[in-house]
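Chemist: The file below is final_12.cif, mmCIF, C-alpha atoms:
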data_work
#
loop_
_atom_site.label_atom_id
_atom_site.label_comp_id
_atom_site.auth_asym_id
_atom_site.auth_seq_id
_atom_site.Cartn_x
_atom_site.Cartn_y
_atom_site.Cartn_z
CA MET A 1 11.32 25.68 -27.40
CA PHE A 2 9.76 22.44 -26.24
CA PRO A 3 11.83 19.57 -24.90
CA ALA A 4 12.27 16.87 -27.48
CA ASN A 5 9.45 14.44 -28.01
CA ARG A 6 10.11 10.86 -27.08
CA GLY A 7 9.17 10.09 -30.68
CA ALA A 8 5.97 8.90 -32.26
CA ALA A 9 6.39 5.21 -31.48
CA VAL A 10 7.63 4.83 -27.94
CA PRO A 11 9.17 1.39 -27.35
CA ASP A 12 7.39 -0.70 -24.78
CA SER A 13 10.53 -0.95 -22.65
CA GLN A 14 10.70 2.82 -22.46
CA ILE A 15 7.08 3.08 -21.32
CA ARG A 16 7.76 0.48 -18.65
CA ALA A 17 10.78 2.43 -17.42
CA LEU A 18 8.66 5.58 -17.37
CA LEU A 19 5.92 3.87 -15.36
CA GLU A 20 8.41 2.48 -12.85
CA HIS A 21 9.17 6.09 -11.96
CA ALA A 22 5.53 7.05 -11.67
CA ASP A 23 3.84 7.45 -8.29
CA ASP A 24 1.06 5.12 -7.14
CA ARG A 25 -1.60 7.68 -7.85
CA THR A 26 -0.63 7.89 -11.52
CA LEU A 27 -0.39 4.10 -11.80
CA VAL A 28 -3.81 3.62 -10.21
CA GLU A 29 -5.36 6.24 -12.47
CA ARG A 30 -3.90 4.57 -15.53
CA THR A 31 -4.98 1.15 -14.29
CA VAL A 32 -8.53 2.40 -13.83
CA ASP A 33 -8.39 3.73 -17.39
CA GLY A 34 -7.40 0.26 -18.60
CA ASP A 35 -3.60 0.46 -18.82
CA ILE A 36 -2.44 -3.05 -17.97
CA ARG A 37 1.23 -2.05 -18.01
CA ALA A 38 0.58 0.41 -15.18
CA PHE A 39 -1.18 -2.35 -13.28
CA GLU A 40 1.78 -4.66 -13.79
CA VAL A 41 4.08 -2.03 -12.29
CA LEU A 42 1.81 -1.86 -9.24
CA VAL A 43 1.95 -5.64 -8.98
CA ARG A 44 5.74 -5.66 -9.06
CA ARG A 45 6.03 -2.70 -6.72
CA HIS A 46 3.75 -3.94 -3.94
CA GLY A 47 3.54 -7.69 -4.53
CA PRO A 48 6.67 -8.63 -2.54
CA LEU A 49 5.55 -6.74 0.59
CA MET A 50 2.05 -8.18 0.32
CA ARG A 51 3.55 -11.64 0.01
CA ALA A 52 5.71 -11.10 3.09
CA TYR A 53 2.60 -9.98 4.97
CA ALA A 54 0.45 -12.89 3.81
CA THR A 55 3.28 -15.30 4.61
CA ARG A 56 3.38 -13.90 8.16
CA ILE A 57 -0.35 -14.30 8.68
CA LEU A 58 -0.68 -17.66 6.97
CA GLY A 59 2.67 -19.17 7.81
CA SER A 60 2.97 -20.58 4.31
CA ASN A 61 4.58 -19.30 1.14
CA ASP A 62 2.38 -21.28 -1.21
CA GLU A 63 -0.84 -20.01 0.29
CA ALA A 64 0.62 -16.51 0.40
CA ASP A 65 1.24 -16.65 -3.35
CA ASP A 66 -2.40 -17.64 -3.90
CA VAL A 67 -3.63 -14.84 -1.67
CA VAL A 68 -1.48 -12.23 -3.41
CA GLN A 69 -2.71 -13.42 -6.78
CA GLU A 70 -6.37 -13.29 -5.69
CA THR A 71 -5.78 -9.88 -4.15
CA PHE A 72 -4.47 -8.36 -7.35
CA ILE A 73 -7.25 -9.89 -9.43
CA THR A 74 -9.77 -8.38 -7.01
CA ALA A 75 -7.82 -5.12 -7.07
CA TRP A 76 -7.97 -4.87 -10.85
CA ALA A 77 -11.74 -5.13 -10.69
CA LYS A 78 -12.23 -2.88 -7.67
CA LEU A 79 -9.60 -0.17 -8.21
CA PRO A 80 -12.16 2.16 -9.82
CA THR A 81 -13.89 2.30 -6.41
CA LEU A 82 -10.74 3.43 -4.57
CA GLU A 83 -11.44 7.00 -3.53
CA ASN A 84 -7.88 8.14 -2.96
CA PRO A 85 -5.57 6.51 -5.52
CA ALA A 86 -2.51 7.64 -3.56
CA LEU A 87 -3.48 5.21 -0.77
CA ALA A 88 -3.24 2.13 -2.97
CA LYS A 89 -0.63 0.38 -0.85
CA GLY A 90 -2.69 0.41 2.37
CA TRP A 91 -5.76 -0.61 0.41
CA LEU A 92 -3.93 -3.59 -1.13
CA MET A 93 -2.61 -4.62 2.28
CA ARG A 94 -6.17 -4.50 3.59
CA ILE A 95 -7.38 -6.89 0.89
CA VAL A 96 -4.47 -9.23 1.62
CA SER A 97 -5.49 -9.18 5.29
CA HIS A 98 -9.10 -10.08 4.55
CA LYS A 99 -8.20 -12.84 2.16
CA SER A 100 -5.60 -14.29 4.51
CA ILE A 101 -7.96 -14.26 7.48
CA ASP A 102 -10.66 -15.85 5.30
CA ARG A 103 -8.29 -18.71 4.62
CA ILE A 104 -7.52 -19.10 8.27
CA ARG A 105 -11.25 -19.24 8.99
CA ALA A 106 -11.65 -21.89 6.31
CA ARG A 107 -9.06 -24.09 7.96
CA ARG A 108 -10.27 -23.21 11.42
CA HIS A 109 -10.51 -26.78 12.67
CA HIS A 110 -6.78 -27.05 12.16
CA SER A 111 -5.97 -23.75 13.73
CA SER A 112 -5.80 -22.41 17.23
CA LEU A 113 -7.91 -19.33 16.55
CA ASP A 114 -10.53 -20.57 18.99
CA ASN A 115 -7.87 -21.59 21.37
CA LEU A 116 -6.84 -18.43 23.13
CA ASP A 117 -3.32 -18.17 24.34
CA VAL A 118 -1.60 -21.24 23.19
CA PRO A 119 1.56 -21.16 25.28
CA ALA A 120 4.58 -19.87 23.45
CA PRO A 121 7.23 -22.40 22.56
CA ASP A 122 9.56 -22.65 25.50
CA HIS A 123 12.77 -21.49 23.89
CA HIS A 124 12.65 -17.88 24.77
CA SER A 125 16.34 -17.26 24.93
CA PRO A 126 17.02 -17.36 21.20
CA ILE A 127 18.18 -13.78 21.20
CA THR A 128 21.65 -14.65 22.38
CA ALA A 129 21.90 -17.29 19.69
CA VAL A 130 20.86 -14.92 16.96
CA GLU A 131 23.08 -12.00 17.80
CA ALA A 132 24.50 -12.13 14.32
CA LEU A 133 21.07 -11.46 12.85
CA SER A 134 19.83 -8.03 11.98
CA ARG A 135 17.38 -6.34 14.28
CA SER A 136 14.60 -7.21 11.85
CA GLU A 137 15.53 -10.87 11.74
CA ALA A 138 15.75 -11.09 15.50
CA LEU A 139 12.45 -9.33 15.99
CA SER A 140 10.87 -11.45 13.31
CA GLN A 141 11.93 -14.53 15.21
CA VAL A 142 10.47 -13.23 18.47
CA LEU A 143 7.26 -12.40 16.64
CA SER A 144 7.08 -15.91 15.21
CA GLU A 145 7.32 -17.34 18.69
CA LEU A 146 4.41 -15.38 20.11
CA PRO A 147 1.20 -17.33 20.79
CA THR A 148 -0.84 -17.46 17.58
CA ASN A 149 -3.56 -15.02 18.63
CA GLN A 150 -1.13 -12.48 20.02
CA ARG A 151 0.92 -12.68 16.87
CA ARG A 152 -2.10 -12.37 14.62
CA CYS A 153 -3.48 -9.32 16.44
CA TRP A 154 -0.08 -7.71 16.41
CA GLU A 155 0.41 -8.28 12.70
CA LEU A 156 -3.02 -6.92 11.80
CA LYS A 157 -2.37 -3.81 13.89
CA GLU A 158 1.21 -3.14 12.81
CA PHE A 159 1.23 -4.30 9.20
CA GLY A 160 -2.43 -4.07 8.26
CA ASP A 161 -2.98 -0.82 10.18
CA TYR A 162 -6.15 -2.21 11.77
CA SER A 163 -7.85 -0.51 14.70
CA TYR A 164 -8.66 -2.54 17.83
CA ALA A 165 -12.32 -2.70 16.79
CA GLU A 166 -11.41 -3.90 13.30
CA ILE A 167 -9.15 -6.63 14.66
CA ALA A 168 -11.95 -7.69 17.00
CA GLU A 169 -14.33 -7.94 14.08
CA GLU A 170 -11.86 -9.73 11.85
CA LEU A 171 -10.98 -12.33 14.49
CA ASP A 172 -14.44 -12.59 16.07
CA LEU A 173 -13.14 -11.71 19.53
CA PRO A 174 -14.18 -9.01 22.01
CA VAL A 175 -12.24 -5.74 21.87
CA SER A 176 -11.19 -6.24 25.49
CA THR A 177 -9.56 -9.54 24.52
CA ILE A 178 -7.76 -7.85 21.62
CA ARG A 179 -6.43 -5.18 23.99
CA GLY A 180 -5.12 -7.86 26.32
CA LEU A 181 -3.51 -9.87 23.53
CA LEU A 182 -1.83 -6.78 22.10
CA ALA A 183 -0.61 -5.70 25.53
CA ARG A 184 1.03 -9.06 26.11
CA ALA A 185 2.55 -9.13 22.63
CA ARG A 186 3.90 -5.61 23.11
CA LYS A 187 5.49 -6.46 26.41
CA THR A 188 7.20 -9.58 25.10
CA LEU A 189 8.46 -7.82 21.99
CA ILE A 190 9.86 -4.92 23.97
CA ARG A 191 11.48 -7.21 26.52
CA GLU A 192 13.21 -9.19 23.79
CA MET A 193 14.11 -6.11 21.82
CA GLU A 194 15.63 -4.38 24.84
CA ALA A 195 17.55 -7.52 25.74
CA TRP A 196 18.95 -7.64 22.25
CA ARG A 197 20.06 -4.03 22.08
CA MET B 1 12.85 -8.56 40.93
CA THR B 2 11.36 -5.46 42.50
CA PRO B 3 8.69 -6.10 45.08
CA PRO B 4 5.45 -4.25 44.34
CA ASN B 5 5.68 -2.28 47.53
CA MET B 6 9.06 -0.88 46.62
CA PRO B 7 8.51 0.85 43.28
CA ASP B 8 11.74 1.55 41.51
CA ALA B 9 11.35 3.85 38.54
CA THR B 10 14.77 3.01 37.20
CA SER B 11 14.20 -0.73 36.85
CA ASP B 12 12.57 -2.15 33.78
CA TRP B 13 8.78 -2.15 33.67
CA TYR B 14 8.75 -4.94 31.13
CA LEU B 15 10.35 -7.38 33.52
CA SER B 16 7.68 -6.77 36.12
CA ASP B 17 4.01 -7.46 36.58
CA ASN B 18 3.58 -4.19 38.36
CA GLU B 19 3.78 -1.60 35.57
CA PRO B 20 2.34 1.36 37.51
CA GLY B 21 4.98 0.76 40.19
CA HIS B 22 7.68 1.22 37.59
CA LEU B 23 6.04 3.88 35.46
CA ASP B 24 5.10 6.49 38.06
CA GLY B 25 1.54 5.21 38.26
CA HIS B 26 0.99 4.75 34.53
CA THR B 27 0.54 1.56 32.53
CA ILE B 28 2.33 0.81 29.30
CA GLU B 29 -1.05 0.69 27.54
CA GLU B 30 -1.74 4.23 28.66
CA LEU B 31 1.65 5.26 27.31
CA ASN B 32 1.02 3.42 24.07
CA ASP B 33 -2.34 5.13 23.61
CA TYR B 34 -0.63 8.44 24.42
CA LEU B 35 1.86 7.82 21.61
CA ASP B 36 -0.90 6.78 19.22
CA ARG B 37 -2.62 10.09 19.93
CA GLY B 38 0.60 11.95 19.09
CA ARG B 39 1.08 12.90 22.78
CA VAL B 40 -1.89 15.23 22.52
CA PRO B 41 -3.29 16.60 24.76
CA ALA B 42 -0.05 16.81 26.71
CA ASN B 43 -0.01 14.82 29.93
CA LEU B 44 2.28 16.53 32.43
CA SER B 45 2.54 13.49 34.65
CA ILE B 46 3.81 11.39 31.73
CA ASP B 47 5.95 14.12 30.23
CA THR B 48 7.80 14.81 33.47
CA SER B 49 8.38 11.17 34.43
CA PRO B 50 11.82 9.86 33.45
CA ALA B 51 10.55 6.27 33.68
CA CYS B 52 7.68 7.07 31.31
CA GLN B 53 10.04 8.81 28.90
CA ILE B 54 12.27 5.74 28.82
CA ALA B 55 9.26 3.50 28.20
CA LEU B 56 7.95 5.80 25.47
CA ALA B 57 11.34 5.62 23.79
CA SER B 58 11.11 1.80 23.88
CA LEU B 59 7.67 1.91 22.32
CA GLU B 60 8.93 4.18 19.58
CA ARG B 61 11.92 1.93 18.91
CA LEU B 62 9.59 -1.04 18.61
CA SER B 63 7.32 0.84 16.28
CA SER B 64 10.18 1.87 14.02
CA ALA B 65 11.58 -1.67 14.05
CA MET B 66 8.17 -3.00 13.06
CA SER B 67 7.79 -0.60 10.20
CA SER B 68 11.01 -1.84 8.61
CA LEU B 69 10.53 -5.52 9.49
CA LEU B 70 8.08 -6.47 6.78
CA GLN B 71 9.96 -4.61 4.07
CA ASP B 72 13.17 -6.34 5.18
CA GLU B 73 11.42 -9.68 4.91
CA ALA B 74 10.14 -8.82 1.45
CA ASP B 75 13.64 -7.78 0.41
CA ARG B 76 15.16 -10.96 1.82
CA ALA B 77 12.64 -13.25 0.11
CA ASP B 78 14.05 -15.52 -2.54
CA VAL B 79 14.22 -14.01 -5.96
CA ARG B 80 11.54 -15.77 -7.89
CA ASP B 81 10.95 -16.26 -11.55
CA ASP B 82 8.31 -14.07 -13.11
CA SER B 83 5.54 -16.66 -13.11
CA TRP B 84 3.72 -15.05 -10.19
CA VAL B 85 3.34 -11.82 -12.18
CA THR B 86 2.27 -13.74 -15.27
CA ALA B 87 -0.35 -15.62 -13.25
CA ILE B 88 -1.84 -12.34 -12.06
CA MET B 89 -1.78 -10.67 -15.45
CA ASP B 90 -3.42 -13.74 -17.02
CA GLY B 91 -6.12 -13.69 -14.37
CA ILE B 92 -7.49 -10.20 -14.88
CA VAL B 93 -10.49 -9.42 -17.08
CA ARG B 94 -8.99 -7.00 -19.54
CA ASP B 95 -12.08 -5.78 -21.33
CA ALA B 96 -13.61 -4.56 -18.07
CA ARG B 97 -12.40 -1.07 -18.84
CA SER B 98 -13.87 -0.31 -22.26
CA GLY B 99 -16.33 2.25 -20.88
CA ARG B 100 -19.06 3.87 -22.94
CA ASP B 101 -19.53 3.41 -26.68
CA ILE B 102 -19.09 6.58 -28.70
CA PRO B 103 -21.02 6.47 -32.01
CA LEU B 104 -19.23 7.62 -35.14
CA GLU B 105 -20.84 9.18 -38.20
CA HIS B 106 -21.16 6.90 -41.19
CA PRO B 107 -22.54 7.67 -44.68
CA SER B 108 -24.64 4.51 -44.74
CA PRO B 109 -27.77 4.65 -42.61
CA HIS B 110 -27.43 0.91 -42.04
CA ALA B 111 -23.95 0.97 -40.61
CA ARG B 112 -23.38 1.79 -36.98
CA LEU B 113 -19.84 2.51 -35.93
CA PHE B 114 -18.58 2.93 -32.40
CA VAL B 115 -15.33 3.65 -30.73
CA THR B 116 -15.11 2.78 -27.06
CA GLU B 117 -14.22 5.32 -24.42
CA GLY B 118 -11.42 3.00 -23.35
CA ALA B 119 -9.93 3.07 -26.83
CA VAL B 120 -9.95 6.87 -26.86
CA ARG B 121 -8.31 6.98 -23.43
CA GLY B 122 -5.67 4.54 -24.68
CA LEU B 123 -5.02 6.80 -27.65
CA VAL B 124 -4.68 9.85 -25.41
CA ARG B 125 -2.30 7.96 -23.09
CA ALA B 126 -0.17 6.69 -25.95
CA ALA B 127 0.08 10.22 -27.35
CA GLY B 128 0.88 11.65 -23.92
CA ASP B 129 3.62 9.08 -23.39
CA THR B 130 5.50 10.52 -26.37
CA VAL B 131 5.93 13.82 -24.55
CA ALA B 132 9.22 13.83 -22.67
CA ASN B 133 9.48 14.81 -18.97
CA LEU B 134 5.83 14.11 -18.33
CA ILE B 135 3.74 11.12 -17.22
CA VAL B 136 0.05 10.94 -18.02
CA GLY B 137 -2.33 9.72 -15.31
CA ARG B 138 -6.10 9.73 -15.53
CA CYS B 139 -7.90 10.68 -18.72
CA ARG B 140 -11.60 11.56 -18.63
CA LEU B 141 -14.03 12.23 -21.46
CA ASP B 142 -16.77 14.71 -20.61
CA GLY B 143 -19.71 15.49 -22.84
CA ASP B 144 -22.67 13.86 -24.53
CA LEU B 145 -20.83 10.84 -25.84
CA ALA B 146 -24.01 9.25 -27.18
CA THR B 147 -24.61 11.96 -29.78
CA PRO B 148 -22.31 11.82 -32.83
CA GLY B 149 -20.45 15.07 -33.30
CA ALA B 150 -21.34 16.45 -29.87
CA PRO B 151 -18.46 18.44 -28.37
CA ILE B 152 -16.28 16.46 -25.97
CA THR B 153 -13.88 17.80 -23.38
CA ILE B 154 -10.84 15.72 -22.54
CA ALA B 155 -9.50 16.10 -18.99
CA ILE B 156 -6.01 14.74 -18.42
CA ASN B 157 -4.04 14.44 -15.17
CA ALA B 158 -0.28 14.41 -15.54
CA SER B 159 2.90 14.60 -13.48
CA ILE B 160 6.10 16.29 -14.55
CA TYR B 161 9.69 16.40 -13.41
CA ARG B 162 10.93 19.32 -11.39
CA GLY B 163 12.68 21.97 -13.41
CA GLU B 164 10.41 21.65 -16.40
CA SER B 165 8.09 24.44 -17.40
CA ILE B 166 4.54 23.51 -16.46
CA PRO B 167 2.79 25.71 -19.04
CA ALA B 168 5.13 24.61 -21.83
CA LEU B 169 4.72 20.90 -21.08
CA ALA B 170 0.96 21.21 -20.62
CA GLU B 171 0.71 22.95 -23.97
CA GLN B 172 2.87 20.35 -25.64
CA LEU B 173 0.68 17.59 -24.20
CA ARG B 174 -2.45 19.38 -25.40
CA GLN B 175 -1.10 19.75 -28.94
CA THR B 176 0.15 16.16 -29.11
CA VAL B 177 -3.15 14.74 -27.89
CA ALA B 178 -5.17 17.01 -30.19
CA ALA B 179 -3.11 15.88 -33.17
CA ALA B 180 -3.54 12.20 -32.28
CA LEU B 181 -7.29 12.53 -31.77
CA SER B 182 -7.73 14.39 -35.01
CA ALA B 183 -5.64 11.84 -36.91
CA HIS B 184 -7.40 8.78 -35.54
CA THR B 185 -10.94 9.80 -34.57
CA GLU B 186 -13.69 12.08 -35.76
CA LEU B 187 -14.51 13.34 -32.30
CA THR B 188 -15.38 16.99 -31.91
CA ILE B 189 -12.98 18.13 -29.25
CA ALA B 190 -14.20 21.23 -27.41
CA ALA B 191 -11.23 21.44 -25.07
CA ILE B 192 -8.31 19.49 -23.66
CA ASP B 193 -7.81 20.34 -20.00
CA VAL B 194 -4.52 19.38 -18.41
CA THR B 195 -4.03 19.21 -14.64
CA ILE B 196 -0.48 18.83 -13.39
CA GLN B 197 -1.07 16.91 -10.17
CA ASN B 198 2.45 16.11 -9.06
CA ILE B 199 6.00 17.26 -9.62
CA TYR B 200 8.67 14.63 -9.24
CA LEU B 201 11.70 16.02 -7.45
CA THR B 202 14.21 13.84 -9.21
CA ARG B 203 14.14 11.74 -12.27
CA HIS B 204 15.30 8.58 -10.58
CA ASP B 205 13.56 8.74 -7.25
CA PRO B 206 10.04 9.94 -7.90
CA GLU B 207 8.86 8.56 -4.54
CA ILE B 208 10.23 11.67 -2.85
CA GLY B 209 7.71 13.75 -4.71
CA GLN B 210 4.88 11.39 -3.92
CA ASP B 211 3.06 13.82 -1.64
CA THR B 212 0.23 14.99 -3.76
CA PRO B 213 -1.94 18.00 -2.98
#
Can you present the structure in this file as C-alpha cells?
Modeler:
Amino acid sequence: MFPANRGAAVPDSQIRALLEHADDRTLVERTVDGDIRAFEVLVRRHGPLMRAYATRILGSNDEADDVVQETFITAWAKLPTLENPALAKGWLMRIVSHKSIDRIRARRHHSSLDNLDVPAPDHHSPITAVEALSRSEALSQVLSELPTNQRRCWELKEFGDYSYAEIAEELDLPVSTIRGLLARARKTLIREMEAWR
Amino acid sequence: MTPPNMPDATSDWYLSDNEPGHLDGHTIEELNDYLDRGRVPANLSIDTSPACQIALASLERLSSAMSSLLQDEADRADVRDDSWVTAIMDGIVRDARSGRDIPLEHPSPHARLFVTEGAVRGLVRAAGDTVANLIVGRCRLDGDLATPGAPITIAINASIYRGESIPALAEQLRQTVAAALSAHTELTIAAIDVTIQNIYLTRHDPEIGQDTP
C-alpha cells in the first residue's frame, strides 16, 4: 500500500540528487539542523549568481570569489537566525552586498567612491558595435560604462533589492544624492536600451 | 531636439532635459515611483497619457532586462573546477549544530552517557530520506531533554511530490522514524508529528512548487 522505500542505506549520490530537487526552505531547514549536504546544494545553487553580483560590484573575479566564500561561511553560522527560510536567496545576496561594499571601503583611497560623478568613458556608441550581443550583454556593457557611483547605486537597487535609504546608508551618501544618481543611471540605461531595440 | 517651449509628447523623453514637457507634466522619477507602488492608487493623469504609458513600458522593459541580466552573467561565467565549493565546505565549523546533550540511562552510577540533539536529528533525517517521494526538512525535538526517559515529541517538516497520498506518506515517515529511533536510541518518544509544508508539482522541476504557505 505504501510506495516502495528507497532502501535502508540510501547512497550518497541519491541523497544529493534528492536535495537538488528540494526547495530553498527545505535546504535551509536541513542546513540549520546540521546537514552539510543540504548546505552544499545551497552553495551550488546560489553561488554562481552571488559571484556574478560580487564581480559586478567589485569589478574583479578573484575578490568576488573571496567574498562569496566569506558569505557562505557567515551564512552557515547565521542561517539559524533567518526568520523565513524561503527567502534565503535575497538574504545571501544581501550578505554579498555588505561584504563587497566593505571591501570597497577598505580600498577607498584607490576608489572613486568619494568622487561623485566620475565622467563616463567617452565611447557611448558601443551599441551599434555590439548588435550581435544579446540584450543582456549589451545592457551589461552599458551598465559597466556608467560612472562608478551611478553604477553602484543601480546595482544595489536592482540586484541587491536595496531601498534608497539603505543605499544611502551603505554608501554614506545623502538619500537625495542617491535619487539623483539613480535617475541619471535610469535615463542612460533606457536611452541605450531603446536605441538598441 | 525639441525646444522646451514646444512640448512634443511623441518625442522621446530620454533624449531631452525637459521630461515634464515630454511626459504630460510628469517626470520619469514620478513614473518610476508609480510603477514601484504597483500603480496604486491609480493616477488618472498618468494612466490617460500616451506619452506616460510609453515611458512606463520602457521602465518595465528595463526592469525585466535587469532581472535576467545577472542570471545571464552567472550562466555565461566560465565553468570552474570544484575548488570554490571545497574551499567553502572546508571553511565551515561543522560541530556548530550539535544542539543540546540528551542524557542516556546507564547501569553504572559513574558513567554518564549523552547523545546530542544534532545526532538524533541526523538519525531522523537519514531515516526520512529512505522514504520515497518525500523530502525531510526541519526536525525539532520538544520535551525535557535533560531528564533521562522523559517523553520527547519529534516534529518533522517534509515536502512531497504531487500525486502522492499525504496521509499515507506521513504515516510511512512516522513509522520509519519511529523504527530508527527505537533501534538506535533509548529515547521515550511521545509522538512524531509530521507537517507537510510543500507539494512539488513535478519531480524534475520542484521550483514551480516553491510557493510555500
Chemist: What's the separation between atom CA of Ile156 of chain B and atom CA of Val194 of chain B, in Å to one decimal place?
Modeler: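 Separation of atom CA of Ile156 of chain B and atom CA of Val194 of chain B: 4.9 Å.
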Chemist: Written as a PyMOL selection string, what is the full residue list that the PyMOL selection byres ((chain B and resi 31) around 12) yields on the file shown?
Modeler: (chain A and resi 183+186) or (chain B and resi 19-20+23-30+32-40+42-43+45-47+49+51-60)
Chemist: Limited to C-alpha atoms, could you put the picked residues into a file as a PDB file, in the frame of the given file?
Modeler:
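Printed below is again.pdb as written:
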ATOM      1  CA  ALA A 183      -0.610  -5.700  25.530  1.00  0.00           C
ATOM      2  CA  ARG A 186       3.900  -5.610  23.110  1.00  0.00           C
TER       3      ARG A 186
ATOM      4  CA  GLU B  19       3.780  -1.600  35.570  1.00  0.00           C
ATOM      5  CA  PRO B  20       2.340   1.360  37.510  1.00  0.00           C
ATOM      6  CA  LEU B  23       6.040   3.880  35.460  1.00  0.00           C
ATOM      7  CA  ASP B  24       5.100   6.490  38.060  1.00  0.00           C
ATOM      8  CA  GLY B  25       1.540   5.210  38.260  1.00  0.00           C
ATOM      9  CA  HIS B  26       0.990   4.750  34.530  1.00  0.00           C
ATOM     10  CA  THR B  27       0.540   1.560  32.530  1.00  0.00           C
ATOM     11  CA  ILE B  28       2.330   0.810  29.300  1.00  0.00           C
ATOM     12  CA  GLU B  29      -1.050   0.690  27.540  1.00  0.00           C
ATOM     13  CA  GLU B  30      -1.740   4.230  28.660  1.00  0.00           C
ATOM     14  CA  ASN B  32       1.020   3.420  24.070  1.00  0.00           C
ATOM     15  CA  ASP B  33      -2.340   5.130  23.610  1.00  0.00           C
ATOM     16  CA  TYR B  34      -0.630   8.440  24.420  1.00  0.00           C
ATOM     17  CA  LEU B  35       1.860   7.820  21.610  1.00  0.00           C
ATOM     18  CA  ASP B  36      -0.900   6.780  19.220  1.00  0.00           C
ATOM     19  CA  ARG B  37      -2.620  10.090  19.930  1.00  0.00           C
ATOM     20  CA  GLY B  38       0.600  11.950  19.090  1.00  0.00           C
ATOM     21  CA  ARG B  39       1.080  12.900  22.780  1.00  0.00           C
ATOM     22  CA  VAL B  40      -1.890  15.230  22.520  1.00  0.00           C
ATOM     23  CA  ALA B  42      -0.050  16.810  26.710  1.00  0.00           C
ATOM     24  CA  ASN B  43      -0.010  14.820  29.930  1.00  0.00           C
ATOM     25  CA  SER B  45       2.540  13.490  34.650  1.00  0.00           C
ATOM     26  CA  ILE B  46       3.810  11.390  31.730  1.00  0.00           C
ATOM     27  CA  ASP B  47       5.950  14.120  30.230  1.00  0.00           C
ATOM     28  CA  SER B  49       8.380  11.170  34.430  1.00  0.00           C
ATOM     29  CA  ALA B  51      10.550   6.270  33.680  1.00  0.00           C
ATOM     30  CA  CYS B  52       7.680   7.070  31.310  1.00  0.00           C
ATOM     31  CA  GLN B  53      10.040   8.810  28.900  1.00  0.00           C
ATOM     32  CA  ILE B  54      12.270   5.740  28.820  1.00  0.00           C
ATOM     33  CA  ALA B  55       9.260   3.500  28.200  1.00  0.00           C
ATOM     34  CA  LEU B  56       7.950   5.800  25.470  1.00  0.00           C
ATOM     35  CA  ALA B  57      11.340   5.620  23.790  1.00  0.00           C
ATOM     36  CA  SER B  58      11.110   1.800  23.880  1.00  0.00           C
ATOM     37  CA  LEU B  59       7.670   1.910  22.320  1.00  0.00           C
ATOM     38  CA  GLU B  60       8.930   4.180  19.580  1.00  0.00           C
TER      39      GLU B  60
END
Chemist: What is the atom CA of Asn149 of chain A to atom CA of Ala77 of chain B distance in Å?
Modeler: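 Atom-to-atom, atom CA of Asn149 of chain A and atom CA of Ala77 of chain B are spaced 24.7 Å apart.
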Chemist: Considering all atoms listed in the file, state which residue in the set B:His22, B:Leu44, B:Arg97, B:Arg76 is at the smallest distance from chain A.
Modeler: B:Arg97
Chemist: Give me, please, the distance in Å between atom CA of His106 of chain B and atom CA of Gly149 of chain B, quoted to one decimal.
Modeler: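 So the answer is 11.4 Å.
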Chemist: Check every residue of chain A for an atom within 6 Å of chain B, counting all atoms listed in the file, and provide those that qualify as a list in words.
Modeler: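 Matching residues, ligands excluded from the count: Asn5, Arg6, Gly7, His21, Asp23, Thr26, Glu29, Arg30, Gly34, Pro48, Leu49, Ala52, Gln69, Ile73, Ser136, Lys187 and Arg191 of chain A.
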Chemist: Can you report as JSON the centre and edge lengths in Å, to one decimal, of an axis-aligned box around the listed atoms of segment 48-54 of chain B padded with 6 Å on each side?
Modeler:
{"center_x": 10.0, "center_y": 10.3, "center_z": 31.6, "size_x": 16.6, "size_y": 21.1, "size_z": 17.6}
Chemist: Restricting the calculation to all atoms listed in the file, which member of A:Val41, A:Val32, A:Met193, A:Ile178 is positioned closest to Ile15 of chain A?
Modeler: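 Closest candidate: A:Val41.
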Chemist: Excluding Pro148 of chain B and residues on its chain fewer than 3 positions from it, collect all residues at most 7 Å away from it, counting all atoms listed in the file, and give them as a VMD selection string.
Modeler: chain B and resid 103 to 105
Chemist: Which residue out of A:Glu166, A:Asp33, A:Asp24, A:Glu40 has the minimum interatomic distance to Val120 of chain B when only C-alpha atoms are used?
Modeler: A:Asp33
Chemist: Compile the contact shell of Ala190 of chain B as a ChimeraX atom specification: residues with an atom at most 10 Å away, counting all atoms listed in the file, same-chain residues fewer than 5 positions apart removed.
Modeler: /B:142-143,150-154
